[in-house]
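Below is one structure, written out as structure tokens, with a few remarks after it.
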Amino acid sequence: MEEHIQQKSWFARNWGWAVPVGGCLTLIVIFFIFLGSLIFGVSELITESTPYKDALVKVNDDEYTVNILGEPIETNGIMNGSLSYKNNTGSADISIPIKGPKGEAQLFVVGTKQNDQWTYKEMYVIIDETDEQIDLLGYQQNEYDNENP
């Protein structure tokens, strides 16, 4: 007569290490999902801001910059800086990496918001290859300086 011995399942044999490892991996995956959504949320908030949009419109309208970088000019990576809003006031001091078919650059924007109206103190591009600085405000910056000595 043959005896049939039933063997334990894989989980029954390995639960002592499988449960802690599975729990740790689950926590690590949840952490990275949270971190990714946080980065995406902040990035989305900034890219939807008025200073960001105004700066991209201004750089695409500037013939000299378009001539150097080529067309189309688009963003190229994660931007740096600070952007704050409180009631009807705010401030922006951001740096946006941009690129075109002919080269790359950094777009800098410094401005304030009062009564739901943005006023830009600085908006310029620095070309990566030559370190040339291109002022995008021109006469508008001079008007701002005259109003705020």
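Just remember, in the structure tokens the first chain shown is A, the second B, etc., residues are 1-based per chain, and ligands are 1-based in the order shown.
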
(request) Pick out each residue of chain A that DSSP on the backbone tags as helix (DSSP H, G or I); I need them as a PyMOL selection string. (result) chain A and resi 10-47+50-61+63-69+139-147

(request) Mind checking which residues fall within 8 Å of Gly77 (chain A), counting only C-alpha atoms, ignoring those fewer than 6 positions away in the same chain, and posting them as a list in words? (result) Ile96, Pro97 and Ile98 of chain A

Residues of region 7-113 of chain A at most 12 Å from region 124-137 of chain A: nearest atom pair and distance in Å, only C-alpha atoms, as a Markdown table:
```
| residue | atom | partner | partner_atom | distance |
| --- | --- | --- | --- | --- |
| A:Asp54 | CA | A:Leu136 | CA | 11.0 |
| A:Ala55 | CA | A:Leu136 | CA | 8.7 |
| A:Leu56 | CA | A:Leu136 | CA | 10.6 |
| A:Val57 | CA | A:Leu136 | CA | 10.5 |
| A:Lys58 | CA | A:Leu136 | CA | 6.8 |
| A:Val59 | CA | A:Leu136 | CA | 6.9 |
| A:Asn60 | CA | A:Leu136 | CA | 10.1 |
| A:Asp61 | CA | A:Leu136 | CA | 9.2 |
| A:Asp62 | CA | A:Leu136 | CA | 7.0 |
| A:Glu63 | CA | A:Leu136 | CA | 10.2 |
| A:Tyr64 | CA | A:Ile134 | CA | 8.3 |
| A:Thr65 | CA | A:Ile134 | CA | 7.4 |
| A:Val66 | CA | A:Val125 | CA | 11.1 |
| A:Asn67 | CA | A:Ile127 | CA | 11.9 |
| A:Ile68 | CA | A:Ile127 | CA | 8.5 |
| A:Leu69 | CA | A:Ile127 | CA | 8.3 |
| A:Ile73 | CA | A:Val125 | CA | 11.9 |
| A:Asp93 | CA | A:Tyr124 | CA | 11.9 |
| A:Ile94 | CA | A:Tyr124 | CA | 11.0 |
| A:Ser95 | CA | A:Val125 | CA | 9.4 |
| A:Ile96 | CA | A:Val125 | CA | 9.3 |
| A:Pro97 | CA | A:Val125 | CA | 9.5 |
| A:Ile98 | CA | A:Val125 | CA | 9.1 |
| A:Lys99 | CA | A:Ile127 | CA | 9.5 |
| A:Gly100 | CA | A:Ile127 | CA | 10.9 |
| A:Lys102 | CA | A:Glu129 | CA | 10.4 |
| A:Gly103 | CA | A:Glu129 | CA | 7.5 |
| A:Glu104 | CA | A:Asp128 | CA | 5.8 |
| A:Ala105 | CA | A:Ile127 | CA | 4.3 |
| A:Gln106 | CA | A:Ile126 | CA | 5.3 |
| A:Leu107 | CA | A:Val125 | CA | 4.5 |
| A:Phe108 | CA | A:Tyr124 | CA | 5.4 |
| A:Val109 | CA | A:Tyr124 | CA | 6.9 |
| A:Val110 | CA | A:Tyr124 | CA | 9.3 |
| A:Gly111 | CA | A:Leu137 | CA | 11.6 |
```

(message) To one decimal place in Å, what is the distance between CA of Thr47 (chain A) and CA of Ile28 (chain A)?
(response) 28.4 Å

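Between CA of Lys53 (chain A) and CA of Gly41 (chain A) lies a distance of 16.9 Å.
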
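Residues of region 17-85 of chain A carrying a DSSP assignment of strand (DSSP E or B), computed from the backbone, are Glu74, Thr75, Asn80, Gly81, Ser82, Leu83, Ser84 and Tyr85 of chain A.
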
Output all heavy atoms for every residue in that selection, as a PDB file, in the first residue's frame.
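The resulting file, selection22.pdb, is shown below:
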```pdb
ATOM      1  N   GLU A  74       9.923  75.141 -27.530  1.00  0.00           N
ATOM      2  CA  GLU A  74       9.104  74.433 -26.545  1.00  0.00           C
ATOM      3  C   GLU A  74       9.904  74.211 -25.269  1.00  0.00           C
ATOM      4  O   GLU A  74      11.115  74.410 -25.244  1.00  0.00           O
ATOM      5  CB  GLU A  74       8.617  73.102 -27.128  1.00  0.00           C
ATOM      6  CG  GLU A  74       9.703  72.278 -27.737  1.00  0.00           C
ATOM      7  CD  GLU A  74       9.164  71.144 -28.594  1.00  0.00           C
ATOM      8  OE1 GLU A  74       8.073  71.257 -29.171  1.00  0.00           O
ATOM      9  OE2 GLU A  74       9.885  70.142 -28.681  1.00  0.00           O
ATOM     10  N   THR A  75       9.214  73.800 -24.218  1.00  0.00           N
ATOM     11  CA  THR A  75       9.887  73.560 -22.945  1.00  0.00           C
ATOM     12  C   THR A  75      10.748  72.314 -23.037  1.00  0.00           C
ATOM     13  O   THR A  75      10.508  71.431 -23.856  1.00  0.00           O
ATOM     14  CB  THR A  75       8.870  73.416 -21.798  1.00  0.00           C
ATOM     15  OG1 THR A  75       7.993  72.343 -22.085  1.00  0.00           O
ATOM     16  CG2 THR A  75       8.080  74.693 -21.607  1.00  0.00           C
ATOM     17  N   ASN A  80      12.542  75.583 -12.550  1.00  0.00           N
ATOM     18  CA  ASN A  80      12.949  75.903 -11.191  1.00  0.00           C
ATOM     19  C   ASN A  80      12.352  77.232 -10.780  1.00  0.00           C
ATOM     20  O   ASN A  80      11.959  78.028 -11.618  1.00  0.00           O
ATOM     21  CB  ASN A  80      14.480  76.025 -11.109  1.00  0.00           C
ATOM     22  CG  ASN A  80      15.175  74.746 -11.451  1.00  0.00           C
ATOM     23  OD1 ASN A  80      14.757  73.683 -11.036  1.00  0.00           O
ATOM     24  ND2 ASN A  80      16.239  74.847 -12.229  1.00  0.00           N
ATOM     25  N   GLY A  81      12.353  77.484  -9.490  1.00  0.00           N
ATOM     26  CA  GLY A  81      11.943  78.788  -9.007  1.00  0.00           C
ATOM     27  C   GLY A  81      10.798  78.716  -8.045  1.00  0.00           C
ATOM     28  O   GLY A  81      10.472  77.666  -7.491  1.00  0.00           O
ATOM     29  N   SER A  82      10.167  79.874  -7.849  1.00  0.00           N
ATOM     30  CA  SER A  82       9.044  79.947  -6.921  1.00  0.00           C
ATOM     31  C   SER A  82       7.893  80.710  -7.564  1.00  0.00           C
ATOM     32  O   SER A  82       8.090  81.620  -8.357  1.00  0.00           O
ATOM     33  CB  SER A  82       9.475  80.638  -5.627  1.00  0.00           C
ATOM     34  OG  SER A  82       9.814  81.981  -5.882  1.00  0.00           O
ATOM     35  N   LEU A  83       6.716  80.283  -7.171  1.00  0.00           N
ATOM     36  CA  LEU A  83       5.483  80.885  -7.665  1.00  0.00           C
ATOM     37  C   LEU A  83       4.517  80.894  -6.491  1.00  0.00           C
ATOM     38  O   LEU A  83       4.261  79.839  -5.910  1.00  0.00           O
ATOM     39  CB  LEU A  83       4.935  80.057  -8.825  1.00  0.00           C
ATOM     40  CG  LEU A  83       3.743  80.560  -9.586  1.00  0.00           C
ATOM     41  CD1 LEU A  83       4.066  81.872 -10.277  1.00  0.00           C
ATOM     42  CD2 LEU A  83       3.322  79.540 -10.621  1.00  0.00           C
ATOM     43  N   SER A  84       4.013  82.070  -6.109  1.00  0.00           N
ATOM     44  CA  SER A  84       3.107  82.124  -4.962  1.00  0.00           C
ATOM     45  C   SER A  84       1.900  83.003  -5.273  1.00  0.00           C
ATOM     46  O   SER A  84       2.008  83.995  -5.988  1.00  0.00           O
ATOM     47  CB  SER A  84       3.841  82.641  -3.721  1.00  0.00           C
ATOM     48  OG  SER A  84       4.250  83.969  -3.909  1.00  0.00           O
ATOM     49  N   TYR A  85       0.775  82.591  -4.724  1.00  0.00           N
ATOM     50  CA  TYR A  85      -0.476  83.324  -4.864  1.00  0.00           C
ATOM     51  C   TYR A  85      -1.102  83.475  -3.482  1.00  0.00           C
ATOM     52  O   TYR A  85      -1.076  82.546  -2.686  1.00  0.00           O
ATOM     53  CB  TYR A  85      -1.497  82.564  -5.718  1.00  0.00           C
ATOM     54  CG  TYR A  85      -1.107  82.308  -7.132  1.00  0.00           C
ATOM     55  CD1 TYR A  85      -0.744  81.035  -7.557  1.00  0.00           C
ATOM     56  CD2 TYR A  85      -1.127  83.325  -8.067  1.00  0.00           C
ATOM     57  CE1 TYR A  85      -0.411  80.782  -8.869  1.00  0.00           C
ATOM     58  CE2 TYR A  85      -0.783  83.084  -9.375  1.00  0.00           C
ATOM     59  CZ  TYR A  85      -0.442  81.808  -9.773  1.00  0.00           C
ATOM     60  OH  TYR A  85      -0.109  81.572 -11.072  1.00  0.00           O
TER      61      TYR A  85
END
```

(request) Mind checking which residues fall within 12 Å of Asp116 (chain A), counting only C-alpha atoms, ignoring those fewer than 4 positions away in the same chain, and posting them as JSON, numbers by chain? (result) {"A": [50, 85, 86, 87, 88, 89, 90, 91, 112]}

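The interatomic distance for the pair CA of Leu35 (chain A) and CA of Asn76 (chain A) works out to 21.1 Å.
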